[in-house]
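Shown next: query_22.txt, containing compact mmCIF, C-alpha atoms.
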# COMPACT_ATOMS: atom_id res chain seq x y z
CA MET A 70 -141.46 -11.85 -194.47
CA TYR A 71 -140.13 -15.30 -195.32
CA CYS A 72 -139.91 -17.03 -198.68
CA TYR A 73 -142.14 -20.09 -198.59
CA HIS A 74 -139.91 -22.00 -200.96
CA CYS A 75 -136.39 -21.50 -199.58
CA GLY A 76 -136.98 -19.95 -196.13
CA LEU A 77 -135.00 -16.76 -196.80
CA LYS A 78 -136.00 -13.88 -194.54
CA ILE A 79 -136.78 -10.79 -196.58
CA ASP A 80 -137.06 -7.33 -195.08
CA GLU A 81 -139.96 -5.83 -196.99
CA HIS A 82 -139.50 -2.45 -195.28
CA ALA A 83 -135.99 -2.15 -196.75
CA ILE A 84 -137.33 -3.13 -200.18
CA GLU A 85 -140.12 -0.57 -199.97
CA ALA A 86 -137.66 2.10 -198.81
CA LYS A 87 -135.63 1.62 -202.01
CA LYS A 88 -138.56 1.55 -204.41
CA SER A 89 -142.25 1.53 -203.54
CA SER A 90 -144.29 -1.37 -204.89
CA PHE A 91 -147.36 0.84 -205.10
CA ALA A 92 -145.68 3.09 -207.70
CA ASP A 93 -145.84 0.24 -210.23
CA ILE A 94 -149.58 -0.33 -209.76
CA THR A 95 -151.73 1.55 -212.26
CA ASP A 96 -155.06 0.50 -210.74
CA GLU A 97 -156.62 1.87 -207.61
CA VAL A 98 -154.85 0.90 -204.38
CA ASN A 99 -157.08 -0.14 -201.49
CA ASP A 100 -156.95 -2.45 -198.48
CA GLU A 101 -157.47 -5.53 -200.64
CA THR A 102 -154.47 -4.80 -202.90
CA VAL A 103 -151.98 -7.63 -202.55
CA VAL A 104 -148.30 -6.77 -202.75
CA GLN A 105 -146.11 -9.63 -203.89
CA TYR A 106 -142.33 -9.88 -203.82
CA VAL A 107 -139.89 -12.08 -205.72
CA CYS A 108 -137.39 -13.98 -203.61
CA PRO A 109 -133.84 -12.95 -204.56
CA ARG A 110 -132.50 -16.44 -203.80
CA CYS A 111 -134.92 -18.79 -205.54
CA GLY A 112 -137.23 -16.53 -207.58
CA ALA A 113 -140.44 -17.72 -205.94
CA ILE A 114 -143.30 -15.27 -205.43
CA ILE A 115 -143.85 -14.22 -201.82
CA HIS A 116 -147.13 -12.78 -200.60
CA SER A 117 -148.68 -11.90 -197.29
CA GLY A 118 -151.19 -14.29 -195.81
CA MET A 119 -150.41 -17.97 -195.56
CA SER A 120 -152.36 -20.99 -196.71
CA LYS A 121 -151.95 -24.47 -195.27
CA GLU A 122 -149.78 -25.53 -198.21
CA ASP A 123 -147.58 -22.42 -197.75
CA ALA A 124 -147.15 -23.31 -194.08
CA LYS A 125 -146.03 -26.83 -195.01
CA GLU A 126 -143.58 -25.49 -197.56
CA LEU A 127 -142.18 -22.93 -195.10
CA SER A 128 -141.88 -25.69 -192.51
CA ARG A 129 -139.86 -27.79 -194.96
CA ALA A 130 -137.67 -24.79 -195.77
CA SER A 131 -137.15 -24.13 -192.04
CA HIS A 132 -135.99 -27.71 -191.50
CA THR A 133 -133.56 -27.27 -194.39
CA GLN A 134 -132.22 -24.04 -192.89
CA ILE A 135 -131.81 -25.74 -189.50
CA GLN A 136 -129.77 -28.46 -191.20
CA ARG A 137 -127.65 -25.80 -192.93
CA GLY A 138 -127.09 -24.15 -189.55
CA ASN A 139 -125.99 -27.50 -188.10
CA ASN A 140 -123.61 -27.97 -191.03
CA ASN A 141 -122.14 -24.48 -190.57
CA ALA A 142 -121.66 -25.10 -186.85
CA ALA A 143 -119.99 -28.46 -187.54
CA VAL A 144 -117.62 -26.94 -190.10
CA GLY A 145 -116.81 -24.13 -187.67
CA MET A 146 -116.12 -26.51 -184.81
CA SER A 147 -113.82 -28.63 -186.98
CA MET A 148 -111.94 -25.49 -188.02
CA VAL A 149 -111.60 -24.50 -184.35
CA ALA A 150 -110.31 -27.98 -183.48
CA ILE A 151 -107.75 -27.96 -186.31
CA GLY A 152 -106.73 -24.41 -185.36
CA ALA A 153 -106.23 -25.42 -181.72
CA ILE A 154 -104.10 -28.41 -182.74
CA LEU A 155 -101.97 -26.24 -185.02
CA LEU A 156 -101.61 -23.67 -182.24
CA ALA A 157 -100.34 -26.36 -179.87
CA ILE A 158 -97.83 -27.52 -182.50
CA ALA A 159 -96.79 -23.87 -183.06
CA VAL A 160 -96.09 -23.49 -179.33
CA LEU A 161 -93.89 -26.60 -179.45
CA PHE A 162 -91.92 -25.12 -182.36
CA TYR A 163 -91.59 -21.86 -180.39
CA PHE A 164 -89.85 -23.75 -177.61
CA LEU A 165 -87.74 -25.63 -180.16
CA ALA A 166 -86.57 -22.27 -181.52
CA LYS A 167 -84.95 -21.57 -178.14
CA LYS A 168 -81.67 -23.37 -178.72
CA PRO A 169 -79.69 -24.72 -175.75
CA ALA A 170 -76.45 -23.86 -177.56
CA HIS A 171 -77.42 -20.16 -177.29
CA ASP A 172 -78.52 -20.26 -173.62
CA PHE A 173 -82.20 -20.82 -174.52
CA VAL A 174 -82.53 -17.45 -176.21
CA LEU A 175 -85.08 -17.29 -179.02
CA GLN A 176 -83.36 -17.64 -182.39
CA VAL A 177 -85.31 -15.86 -185.15
CA ASN A 178 -83.15 -17.08 -188.03
CA CYS A 179 -83.75 -20.83 -187.66
CA ALA A 180 -86.28 -23.09 -189.40
CA GLU A 181 -88.16 -23.83 -186.16
CA PHE A 182 -88.99 -20.15 -185.70
CA TYR A 183 -90.33 -19.86 -189.25
CA VAL A 184 -92.50 -22.93 -188.73
CA PHE A 185 -93.75 -21.39 -185.47
CA VAL A 186 -94.72 -18.16 -187.23
CA ILE A 187 -96.45 -19.88 -190.14
CA LEU A 188 -98.37 -22.32 -187.94
CA GLY A 189 -99.30 -19.50 -185.58
CA ILE A 190 -100.75 -17.39 -188.38
CA ILE A 191 -102.67 -20.33 -189.86
CA SER A 192 -104.04 -21.33 -186.46
CA VAL A 193 -105.23 -17.80 -185.65
CA ILE A 194 -106.99 -17.58 -189.03
CA LEU A 195 -108.64 -20.98 -188.54
CA LEU A 196 -109.72 -20.12 -185.01
CA GLY A 197 -111.27 -16.83 -186.13
CA ILE A 198 -113.08 -18.17 -189.18
CA GLY A 199 -114.15 -21.32 -187.35
CA GLY A 200 -115.52 -19.29 -184.45
CA GLY A 201 -117.47 -17.14 -186.89
CA PHE A 202 -118.93 -20.18 -188.67
CA THR A 203 -119.87 -21.76 -185.35
CA ILE A 204 -121.64 -18.67 -184.05
CA PHE A 205 -123.38 -18.09 -187.40
CA GLY A 206 -124.55 -21.72 -187.54
CA TYR A 207 -125.94 -21.74 -184.00
CA LYS A 208 -127.73 -18.41 -184.54
CA LYS A 209 -129.28 -19.68 -187.78
CA LYS A 210 -130.37 -22.89 -186.06
CA GLN A 211 -131.89 -20.96 -183.15
CA HIS A 212 -133.69 -18.50 -185.45
CA TYR A 213 -135.30 -21.14 -187.65
CA SER A 214 -136.12 -23.36 -184.67
CA SER A 215 -138.14 -20.51 -183.17
CA LEU A 216 -139.79 -19.94 -186.57
CA LEU A 217 -140.67 -23.62 -186.76
CA LYS A 218 -142.07 -23.49 -183.25
CA ASP A 219 -144.27 -20.53 -184.25
CA ILE A 220 -145.49 -22.41 -187.33
CA ASN A 221 -146.31 -25.50 -185.28
CA ASN A 222 -148.12 -23.46 -182.62
CA LYS A 223 -150.01 -21.59 -185.38
CA THR A 224 -148.80 -18.23 -184.07
CA PHE A 225 -146.76 -17.32 -187.16
CA VAL A 226 -148.11 -14.42 -189.23
CA GLN A 227 -146.51 -13.51 -192.55
Translate this structure into structure tokens?
Amino acid sequence: MYCYHCGLKIDEHAIEAKKSSFADITDEVNDETVVQYVCPRCGAIIHSGMSKEDAKELSRASHTQIQRGNNNAAVGMSMVAIGAILLAIAVLFYFLAKKPAHDFVLQVNCAEFYVFVILGIISVILLGIGGGFTIFGYKKKQHYSSLLKDINNKTFVQ
């Protein structure tokens, strides 16, 4: 189930497993009883069944989520690029730490080695986080693009 207002996907089965919505109803429960949920992100009321206006609103929210996915992917790719540049600079400092005065043996007590270690750690962190952001952004974009395609083809059922 998706929030019409913000596009957040809500797992109603997990919500019902925690606390049943039917326990709060004092009237008789039949097939026509409508169960509504409150979106945890925006506070809008979510219900099953979709009107034309709800479809338009969900379509707008899907476009927003696609843009957020693009932004996440762009941030991730920039982090990967900066991490790769810092890794290349770290490799240069690694070779600078091999001093010719000591027969090109790695010297661990010089400034070049410390710069190599620090840049190496920063680059690995940036590459990992950037890769995660990139994958997360592309998955979000793909998910909401398929949702938008279902809405446009009128095959989406809430």
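Among the candidates A:Gln176, A:Ser131, A:Ser214, A:Thr203, the one nearest to Cys72 of chain A when counting all atoms listed in the file is A:Ser131.
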*Between A:Ser215, A:Asn140, A:Gln105, A:Gln227, which has the minimum distance to Asp123 of chain A (counting only C-alpha atoms)?*
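Once distances to Asp123 of chain A are computed over only C-alpha atoms, the minimum belongs to A:Gln227.
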*Is there a way to get, as a PyMOL selection string, all residues within 9 Å of the point (-137.1, -24.0, -199.5) in file coordinates, counting only C-alpha atoms?*
chain A and resi 72-77+111+126-134
*Out of A:Ala113, A:Ile198, A:Leu155, A:Met119, which residue has the shortest atom-to-atom distance to Ala142 of chain A when counting all atoms listed in the file?*
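Distance minimum relative to Ala142 of chain A lands on A:Ile198.
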*Using only C-alpha atoms, find the one residue out of A:Gly145, A:Gly138, A:Gly189, A:Gly200 that sits nearest to His212 of chain A.*
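That would be A:Gly138, the residue with the smallest distance to His212 of chain A.
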Rebuild segment 139-159 of chain A to N, CA and C atoms - output it as a short mmCIF file (atom, residue, chain, number, x, y, z; two decimals), in the coordinates of the input, please.
data_model
loop_
_atom_site.label_atom_id
_atom_site.label_comp_id
_atom_site.auth_asym_id
_atom_site.auth_seq_id
_atom_site.Cartn_x
_atom_site.Cartn_y
_atom_site.Cartn_z
N ASN A 139 -126.77 -26.42 -188.72
CA ASN A 139 -125.99 -27.50 -188.10
C ASN A 139 -124.71 -27.76 -188.88
N ASN A 140 -124.80 -27.75 -190.21
CA ASN A 140 -123.61 -27.97 -191.03
C ASN A 140 -122.59 -26.85 -190.84
N ASN A 141 -123.06 -25.60 -190.80
CA ASN A 141 -122.14 -24.48 -190.57
C ASN A 141 -121.46 -24.59 -189.21
N ALA A 142 -122.23 -24.96 -188.19
CA ALA A 142 -121.66 -25.10 -186.85
C ALA A 142 -120.64 -26.24 -186.82
N ALA A 143 -120.92 -27.34 -187.52
CA ALA A 143 -119.99 -28.46 -187.54
C ALA A 143 -118.69 -28.09 -188.26
N VAL A 144 -118.82 -27.39 -189.38
CA VAL A 144 -117.62 -26.94 -190.10
C VAL A 144 -116.81 -25.98 -189.23
N GLY A 145 -117.50 -25.08 -188.55
CA GLY A 145 -116.81 -24.13 -187.67
C GLY A 145 -116.10 -24.82 -186.52
N MET A 146 -116.76 -25.80 -185.92
CA MET A 146 -116.12 -26.51 -184.81
C MET A 146 -114.92 -27.33 -185.28
N SER A 147 -114.99 -27.89 -186.48
CA SER A 147 -113.82 -28.63 -186.98
C SER A 147 -112.67 -27.67 -187.28
N MET A 148 -113.00 -26.48 -187.80
CA MET A 148 -111.94 -25.49 -188.02
C MET A 148 -111.31 -25.05 -186.71
N VAL A 149 -112.13 -24.88 -185.67
CA VAL A 149 -111.60 -24.50 -184.35
C VAL A 149 -110.71 -25.61 -183.81
N ALA A 150 -111.12 -26.87 -183.98
CA ALA A 150 -110.31 -27.98 -183.48
C ALA A 150 -108.97 -28.06 -184.21
N ILE A 151 -109.00 -27.92 -185.54
CA ILE A 151 -107.75 -27.96 -186.31
C ILE A 151 -106.87 -26.77 -185.95
N GLY A 152 -107.49 -25.60 -185.76
CA GLY A 152 -106.73 -24.41 -185.36
C GLY A 152 -106.08 -24.58 -183.99
N ALA A 153 -106.80 -25.20 -183.06
CA ALA A 153 -106.23 -25.42 -181.72
C ALA A 153 -105.07 -26.41 -181.77
N ILE A 154 -105.20 -27.44 -182.59
CA ILE A 154 -104.10 -28.41 -182.74
C ILE A 154 -102.87 -27.73 -183.35
N LEU A 155 -103.10 -26.94 -184.40
CA LEU A 155 -101.97 -26.24 -185.02
C LEU A 155 -101.34 -25.22 -184.08
N LEU A 156 -102.15 -24.61 -183.23
CA LEU A 156 -101.61 -23.67 -182.24
C LEU A 156 -100.73 -24.40 -181.22
N ALA A 157 -101.15 -25.58 -180.80
CA ALA A 157 -100.34 -26.36 -179.87
C ALA A 157 -99.01 -26.77 -180.52
N ILE A 158 -99.06 -27.16 -181.79
CA ILE A 158 -97.83 -27.52 -182.50
C ILE A 158 -96.94 -26.28 -182.67
N ALA A 159 -97.56 -25.11 -182.92
CA ALA A 159 -96.79 -23.87 -183.06
C ALA A 159 -96.07 -23.53 -181.75
#
